[in-house]
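Colleague: Just so it is clear, I am handing over coords31.cif, which has mmCIF, C-alpha atoms.
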```cif
data_target
#
loop_
_atom_site.label_atom_id
_atom_site.label_comp_id
_atom_site.auth_asym_id
_atom_site.auth_seq_id
_atom_site.Cartn_x
_atom_site.Cartn_y
_atom_site.Cartn_z
CA MET A 1 2.85 7.83 10.33
CA GLU A 2 2.98 4.07 10.93
CA LEU A 3 3.52 2.01 7.79
CA TYR A 4 3.20 -1.72 7.13
CA PHE A 5 5.39 -3.19 4.37
CA CYS A 6 4.52 -6.61 2.92
CA GLY A 7 6.97 -8.84 1.05
CA SER A 8 7.28 -12.57 0.44
CA ILE A 9 9.08 -14.58 3.12
CA ARG A 10 8.40 -18.31 2.82
CA GLY A 11 6.99 -17.86 -0.71
CA GLY A 12 10.51 -17.01 -1.90
CA ARG A 13 13.27 -14.53 -1.03
CA ASP A 14 14.44 -13.64 -4.55
CA ASP A 15 13.42 -10.02 -3.99
CA ALA A 16 14.70 -9.62 -0.41
CA SER A 17 17.30 -6.96 -1.30
CA LEU A 18 14.68 -5.05 -3.27
CA TYR A 19 12.38 -5.13 -0.22
CA ALA A 20 15.24 -3.64 1.82
CA GLU A 21 15.59 -0.77 -0.68
CA LEU A 22 11.84 -0.11 -0.68
CA ILE A 23 11.72 -0.20 3.13
CA GLU A 24 14.60 2.29 3.31
CA GLU A 25 12.72 4.60 0.95
CA LEU A 26 9.46 4.08 2.84
CA SER A 27 11.12 4.90 6.17
CA THR A 28 11.65 8.48 4.96
CA HIS A 29 7.85 8.86 5.24
CA GLY A 30 7.23 7.26 8.65
CA THR A 31 7.92 4.29 10.91
CA VAL A 32 8.03 0.96 9.05
CA LEU A 33 6.64 -1.62 11.48
CA THR A 34 7.81 -4.62 9.42
CA GLU A 35 11.46 -3.72 8.76
CA HIS A 36 12.47 -7.38 9.21
CA VAL A 37 10.90 -8.26 5.82
CA GLY A 38 14.00 -6.76 4.18
CA THR A 39 16.62 -8.43 6.36
CA ALA A 40 18.56 -11.57 5.50
CA GLU A 41 17.01 -13.68 8.25
CA PRO A 42 13.46 -12.40 8.75
CA GLU A 43 11.92 -15.31 10.61
CA GLU A 44 13.13 -14.58 14.13
CA ASP A 45 12.60 -17.03 16.95
CA LEU A 46 8.82 -16.84 17.13
CA ALA A 47 6.11 -19.44 16.76
CA ASP A 48 3.86 -18.99 13.71
CA GLY A 49 0.93 -17.97 15.92
CA GLU A 50 3.04 -15.23 17.49
CA ILE A 51 4.17 -13.96 14.07
CA HIS A 52 0.58 -13.92 12.82
CA ASP A 53 -0.86 -12.16 15.86
CA ARG A 54 1.94 -9.57 16.02
CA ASP A 55 1.60 -8.83 12.29
CA VAL A 56 -2.21 -8.52 12.46
CA GLU A 57 -1.78 -6.15 15.42
CA TRP A 58 0.67 -4.06 13.36
CA LEU A 59 -1.72 -4.14 10.39
CA ARG A 60 -4.46 -2.76 12.64
CA ALA A 61 -2.15 -0.01 13.89
CA ALA A 62 -0.88 0.96 10.43
CA ASP A 63 -2.01 4.15 8.72
CA ALA A 64 -1.14 2.67 5.32
CA VAL A 65 0.07 -0.59 3.74
CA VAL A 66 2.63 -0.94 0.94
CA ALA A 67 3.17 -4.38 -0.63
CA GLU A 68 5.70 -5.65 -3.18
CA VAL A 69 3.65 -8.23 -5.09
CA THR A 70 5.96 -9.60 -7.80
CA THR A 71 6.67 -12.91 -6.00
CA PRO A 72 3.45 -14.88 -5.33
CA SER A 73 3.00 -15.18 -1.56
CA LEU A 74 0.20 -16.44 0.64
CA GLY A 75 1.30 -14.16 3.49
CA VAL A 76 1.31 -11.00 1.35
CA GLY A 77 -2.09 -11.92 -0.10
CA TYR A 78 -3.48 -12.58 3.37
CA GLU A 79 -2.18 -9.22 4.64
CA LEU A 80 -3.73 -7.43 1.66
CA GLY A 81 -7.06 -9.18 2.28
CA ARG A 82 -7.01 -8.16 5.93
CA ALA A 83 -5.98 -4.58 5.05
CA VAL A 84 -8.77 -4.18 2.47
CA ALA A 85 -11.32 -5.65 4.90
CA ALA A 86 -10.18 -3.13 7.53
CA GLY A 87 -10.36 -0.20 5.10
CA THR A 88 -6.65 0.65 5.35
CA PRO A 89 -5.22 2.52 2.31
CA THR A 90 -3.12 0.01 0.35
CA LEU A 91 -0.53 0.31 -2.43
CA ALA A 92 0.75 -2.73 -4.37
CA LEU A 93 4.01 -2.41 -6.32
CA TYR A 94 4.42 -4.90 -9.20
CA ARG A 95 7.37 -5.60 -11.50
CA PRO A 96 6.18 -7.21 -14.76
CA THR A 97 9.04 -9.72 -15.05
CA GLY A 98 7.09 -12.10 -17.28
CA GLU A 99 7.23 -14.89 -14.69
CA HIS A 100 3.83 -14.44 -13.04
CA GLU A 101 0.92 -12.28 -14.14
CA LEU A 102 -0.40 -10.34 -11.15
CA SER A 103 -3.38 -12.00 -9.44
CA ALA A 104 -6.83 -10.83 -10.53
CA MET A 105 -7.72 -10.59 -6.84
CA ILE A 106 -5.02 -7.95 -6.36
CA ARG A 107 -5.17 -6.11 -9.70
CA GLY A 108 -8.95 -6.20 -9.67
CA ALA A 109 -9.41 -5.01 -6.07
CA GLY A 110 -10.87 -1.51 -6.27
CA ASP A 111 -9.41 -0.72 -2.84
CA ILE A 112 -5.82 -1.57 -3.78
CA GLU A 113 -3.82 0.96 -5.80
CA VAL A 114 -1.57 -1.03 -8.16
CA VAL A 115 1.55 0.56 -9.67
CA GLU A 116 3.88 -1.21 -12.10
CA TYR A 117 7.57 -0.35 -12.03
CA THR A 118 10.96 -1.56 -13.12
CA GLU A 119 13.13 1.16 -11.59
CA ILE A 120 13.22 1.80 -7.87
CA ALA A 121 12.82 5.57 -8.50
CA VAL A 122 9.37 4.92 -10.01
CA ALA A 123 8.36 2.88 -6.95
CA ALA A 124 9.72 5.62 -4.68
CA ASP A 125 7.65 8.26 -6.49
CA ALA A 126 4.56 6.01 -6.29
CA MET A 127 5.03 5.63 -2.52
CA ALA A 128 5.48 9.37 -2.06
CA ASP A 129 2.33 10.13 -4.11
CA PHE A 130 0.35 7.43 -2.28
CA LEU A 131 1.33 8.69 1.17
CA SER A 132 0.84 12.40 0.48
CA MET B 1 -24.37 -25.58 1.76
CA GLU B 2 -22.42 -23.10 -0.40
CA LEU B 3 -18.68 -23.72 -0.49
CA TYR B 4 -15.80 -21.59 -1.74
CA PHE B 5 -12.69 -23.43 -2.95
CA CYS B 6 -9.40 -21.50 -3.29
CA GLY B 7 -6.48 -22.62 -5.46
CA SER B 8 -3.62 -20.86 -7.22
CA ILE B 9 -4.35 -19.51 -10.70
CA ARG B 10 -1.75 -16.96 -11.84
CA GLY B 11 0.65 -18.03 -9.04
CA GLY B 12 1.11 -21.35 -10.85
CA ARG B 13 -1.08 -24.19 -12.15
CA ASP B 14 1.10 -27.16 -11.12
CA ASP B 15 -1.68 -28.43 -8.85
CA ALA B 16 -4.64 -27.78 -11.16
CA SER B 17 -5.61 -31.46 -11.52
CA LEU B 18 -5.37 -31.89 -7.75
CA TYR B 19 -7.72 -28.90 -7.32
CA ALA B 20 -10.17 -30.66 -9.67
CA GLU B 21 -10.08 -33.80 -7.49
CA LEU B 22 -10.60 -31.80 -4.30
CA ILE B 23 -13.47 -29.86 -5.86
CA GLU B 24 -15.11 -33.10 -6.96
CA GLU B 25 -14.83 -34.43 -3.41
CA LEU B 26 -16.03 -31.12 -1.96
CA SER B 27 -19.07 -31.09 -4.24
CA THR B 28 -20.44 -34.17 -2.44
CA HIS B 29 -20.99 -31.82 0.55
CA GLY B 30 -22.61 -28.85 -1.18
CA THR B 31 -22.42 -26.40 -4.09
CA VAL B 32 -18.87 -25.37 -4.99
CA LEU B 33 -19.12 -21.75 -6.19
CA THR B 34 -15.59 -21.69 -7.64
CA GLU B 35 -15.55 -24.87 -9.72
CA HIS B 36 -13.54 -23.11 -12.46
CA VAL B 37 -10.42 -23.18 -10.23
CA GLY B 38 -10.02 -26.86 -11.21
CA THR B 39 -10.56 -26.46 -14.94
CA ALA B 40 -7.84 -26.23 -17.58
CA GLU B 41 -8.66 -22.64 -18.55
CA PRO B 42 -9.96 -20.91 -15.45
CA GLU B 43 -9.60 -17.28 -16.45
CA GLU B 44 -12.72 -16.81 -18.53
CA ASP B 45 -13.33 -13.65 -20.45
CA LEU B 46 -13.69 -11.28 -17.53
CA ALA B 47 -11.81 -8.17 -16.52
CA ASP B 48 -9.82 -8.45 -13.28
CA GLY B 49 -12.23 -6.15 -11.48
CA GLU B 50 -15.14 -8.39 -12.47
CA ILE B 51 -13.29 -11.52 -11.28
CA HIS B 52 -12.45 -9.84 -7.96
CA ASP B 53 -15.93 -8.51 -7.31
CA ARG B 54 -17.64 -11.80 -8.27
CA ASP B 55 -15.26 -13.80 -6.08
CA VAL B 56 -15.69 -11.48 -3.09
CA GLU B 57 -19.46 -11.76 -3.54
CA TRP B 58 -19.16 -15.57 -3.55
CA LEU B 59 -16.90 -15.43 -0.48
CA ARG B 60 -19.57 -13.41 1.33
CA ALA B 61 -22.23 -15.96 0.34
CA ALA B 62 -20.15 -19.01 1.29
CA ASP B 63 -20.91 -21.03 4.41
CA ALA B 64 -17.34 -22.33 4.47
CA VAL B 65 -14.01 -21.89 2.65
CA VAL B 66 -11.56 -24.67 1.70
CA ALA B 67 -8.14 -23.69 0.31
CA GLU B 68 -5.31 -25.76 -1.15
CA VAL B 69 -2.23 -23.80 -0.02
CA THR B 70 0.77 -25.75 -1.29
CA THR B 71 1.53 -23.35 -4.19
CA PRO B 72 2.20 -19.79 -2.93
CA SER B 73 -0.52 -17.52 -4.34
CA LEU B 74 -1.49 -13.91 -3.73
CA GLY B 75 -5.10 -14.63 -4.68
CA VAL B 76 -5.48 -17.56 -2.28
CA GLY B 77 -3.87 -15.53 0.52
CA TYR B 78 -6.16 -12.58 -0.21
CA GLU B 79 -9.24 -14.82 -0.13
CA LEU B 80 -8.14 -16.35 3.19
CA GLY B 81 -7.59 -12.87 4.65
CA ARG B 82 -11.04 -11.76 3.55
CA ALA B 83 -12.63 -15.00 4.85
CA VAL B 84 -10.97 -14.69 8.27
CA ALA B 85 -11.96 -11.02 8.51
CA ALA B 86 -15.57 -12.00 7.71
CA GLY B 87 -15.58 -14.81 10.29
CA THR B 88 -16.20 -17.58 7.72
CA PRO B 89 -15.02 -21.07 8.80
CA THR B 90 -11.86 -21.84 6.83
CA LEU B 91 -9.85 -25.01 6.15
CA ALA B 92 -6.38 -24.93 4.54
CA LEU B 93 -5.00 -28.13 3.01
CA TYR B 94 -1.19 -28.26 2.73
CA ARG B 95 1.11 -30.83 1.12
CA PRO B 96 4.62 -30.64 2.63
CA THR B 97 6.52 -31.10 -0.66
CA GLY B 98 9.71 -29.50 0.64
CA GLU B 99 9.50 -26.66 -1.89
CA HIS B 100 7.86 -23.97 0.25
CA GLU B 101 7.25 -23.93 3.98
CA LEU B 102 3.67 -22.84 4.66
CA SER B 103 3.32 -19.11 5.42
CA ALA B 104 3.33 -18.15 9.10
CA MET B 105 0.32 -15.94 8.34
CA ILE B 106 -1.67 -19.04 7.34
CA ARG B 107 -0.27 -21.64 9.72
CA GLY B 108 -0.34 -19.16 12.59
CA ALA B 109 -3.88 -17.87 11.99
CA GLY B 110 -6.01 -19.16 14.87
CA ASP B 111 -9.10 -18.90 12.67
CA ILE B 112 -7.74 -21.14 9.90
CA GLU B 113 -7.75 -24.91 10.43
CA VAL B 114 -4.62 -26.28 8.74
CA VAL B 115 -4.39 -29.95 7.75
CA GLU B 116 -1.33 -31.54 6.14
CA TYR B 117 -1.81 -34.37 3.68
CA THR B 118 -0.12 -36.32 0.96
CA GLU B 119 -2.98 -38.62 -0.05
CA ILE B 120 -6.25 -37.30 -1.39
CA ALA B 121 -8.17 -39.59 0.98
CA VAL B 122 -6.69 -37.72 3.95
CA ALA B 123 -7.77 -34.39 2.45
CA ALA B 124 -11.23 -35.83 1.77
CA ASP B 125 -11.58 -36.95 5.40
CA ALA B 126 -10.38 -33.53 6.61
CA MET B 127 -13.02 -31.80 4.46
CA ALA B 128 -15.76 -34.13 5.72
CA ASP B 129 -14.74 -33.53 9.38
CA PHE B 130 -14.48 -29.78 8.82
CA LEU B 131 -17.91 -29.51 7.21
CA SER B 132 -19.76 -31.72 9.66
#
```
Starting from the file, give its structure as structure tokens.
Modeller:
Amino acid sequence: MELYFCGSIRGGRDDASLYAELIEELSTHGTVLTEHVGTAEPEEDLADGEIHDRDVEWLRAADAVVAEVTTPSLGVGYELGRAVAAGTPTLALYRPTGEHELSAMIRGAGDIEVVEYTEIAVAADAMADFLS
Amino acid sequence: MELYFCGSIRGGRDDASLYAELIEELSTHGTVLTEHVGTAEPEEDLADGEIHDRDVEWLRAADAVVAEVTTPSLGVGYELGRAVAAGTPTLALYRPTGEHELSAMIRGAGDIEVVEYTEIAVAADAMADFLS
């Protein structure tokens, strides 16, 4: 199974280590195409057009999409919009930290499964359920 | 001409008055379907699913999409992803404030025209050029 993980990059890296934990968990279920989202220096030496086109190609190839949506991010939102438009099964994991309410466009999207969590074990169970 | 304006709502309202100015400018070119994005209390009394479905319906109806992308926002990203997937002409207006670099998924999207500005007159000219 090919899996696409979405997390904030330029929108803010506060949750980068959490993304790494979720990606590690996710990789027990299949190949995570976007492993770099959890690394310390995710940007690589690519032009923005190359990043976009590679990521859209991976999105097209993916059997499922899992997004961490606690930090507002244009890139994560864009990926979710493209995934929904393509009909790819999509899970959004949200930590209610009190800082940002989750976007109505994400929580209200009938084609996105939204799960709230605070402990990583809950997110891990949600990913396992979603992918089974 | 029916126009869809995107601005951050739950991602942060720092630019709300700027959105109002852009919407006023945009409304000289056609009907802005999403005028509420510039008002003080944009959320209305709708469930998230109703907001999502109404906005996606408006996106489908729109002849063009204009987004202000300085504040990272899942909703704005989602709308841009849906607009690109639908083939709707899309303009993204970005103020380089130094706080957040613009997402590679937005700046690198060949189907999104990105214009940087600091003065509203520059954004107004960009909208006029884009819509003509």
Colleague: Please, what distance in Å, to one decimal, runs between atom CA of Pro72 of chain A and atom CA of Ser73 of chain B?
Modeller: 4.9 Å
Colleague: Determine the nearest neighbour of chain A from the options B:Ala85, B:Met127, B:Leu91, B:Val122, counting all atoms listed in the file.
Modeller: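 Under the stated criterion, the closest residue is B:Ala85.
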Colleague: Show me, as a ChimeraX atom specification, the residues of chain A whose atoms get within 9 Å of chain B, using only C-alpha atoms for the distance check.
Modeller: /A:9-12,47-53,55-56,69,71-86,100-110
Colleague: Interatomic distance between atom CA of Leu22 of chain B and atom CA of Glu68 of chain B?
Modeller: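 Rounded to one decimal, the two atoms are 8.6 Å apart.
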Colleague: Residues picked by the PyMOL selection byres ((chain B and resi 63) around 9) here, as an NGL selection string?
Modeller: :B and (1-4 or 59-62 or 64-65 or 88-89)
Colleague: Could you please determine the separation between atom CA of Tyr19 of chain B and atom CA of Thr97 of chain A in Å, to one decimal place?
Modeller: 26.6 Å
Colleague: List the residues selected by the PyMOL selection byres ((chain B and resi 29) around 8) in the file shown, writing them as an MDAnalysis selection string.
Modeller: chainID B and resid 1 25:28 30:31 128 131
Colleague: Keeping only C-alpha atoms, write the selected residues to a file as a compact mmCIF listing (two decimals), in the coordinates of the input.
Modeller:
```txt
# COMPACT_ATOMS: atom_id res chain seq x y z
CA MET B 1 -24.37 -25.58 1.76
CA GLU B 25 -14.83 -34.43 -3.41
CA LEU B 26 -16.03 -31.12 -1.96
CA SER B 27 -19.07 -31.09 -4.24
CA THR B 28 -20.44 -34.17 -2.44
CA GLY B 30 -22.61 -28.85 -1.18
CA THR B 31 -22.42 -26.40 -4.09
CA ALA B 128 -15.76 -34.13 5.72
CA LEU B 131 -17.91 -29.51 7.21
```
Colleague: For Thr118 of chain B, list every protein, DNA or RNA residue within 10 Å, evaluated using only C-alpha atoms, and leave out those in the same chain fewer than 6 positions away; present the list as a CSV table (one decimal) with C-alpha atoms, keeping the file's coordinate frame.
Modeller:
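Saved file out_18.csv follows:
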```csv
chain,number,residue,atom,x,y,z
B,93,LEU,CA,-5.0,-28.1,3.0
B,94,TYR,CA,-1.2,-28.3,2.7
B,95,ARG,CA,1.1,-30.8,1.1
B,96,PRO,CA,4.6,-30.6,2.6
B,97,THR,CA,6.5,-31.1,-0.7
```
Colleague: May I have the protein, DNA and RNA residues with an atom at most 12 Å from (17.1, -2.6, 1.1), counting all atoms listed in the file in the file's coordinates, returned as an mmCIF file with C-alpha atoms, keeping the file's coordinate frame?
Modeller:
```
data_model
loop_
_atom_site.group_PDB
_atom_site.id
_atom_site.type_symbol
_atom_site.label_atom_id
_atom_site.label_comp_id
_atom_site.auth_asym_id
_atom_site.auth_seq_id
_atom_site.Cartn_x
_atom_site.Cartn_y
_atom_site.Cartn_z
ATOM 1 C CA GLY A 7 6.970 -8.840 1.050
ATOM 2 C CA ASP A 15 13.420 -10.020 -3.990
ATOM 3 C CA ALA A 16 14.700 -9.620 -0.410
ATOM 4 C CA SER A 17 17.300 -6.960 -1.300
ATOM 5 C CA LEU A 18 14.680 -5.050 -3.270
ATOM 6 C CA TYR A 19 12.380 -5.130 -0.220
ATOM 7 C CA ALA A 20 15.240 -3.640 1.820
ATOM 8 C CA GLU A 21 15.590 -0.770 -0.680
ATOM 9 C CA LEU A 22 11.840 -0.110 -0.680
ATOM 10 C CA ILE A 23 11.720 -0.200 3.130
ATOM 11 C CA GLU A 24 14.600 2.290 3.310
ATOM 12 C CA GLU A 25 12.720 4.600 0.950
ATOM 13 C CA LEU A 26 9.460 4.080 2.840
ATOM 14 C CA SER A 27 11.120 4.900 6.170
ATOM 15 C CA GLU A 35 11.460 -3.720 8.760
ATOM 16 C CA HIS A 36 12.470 -7.380 9.210
ATOM 17 C CA VAL A 37 10.900 -8.260 5.820
ATOM 18 C CA GLY A 38 14.000 -6.760 4.180
ATOM 19 C CA THR A 39 16.620 -8.430 6.360
ATOM 20 C CA ALA A 40 18.560 -11.570 5.500
ATOM 21 C CA ILE A 120 13.220 1.800 -7.870
#
```
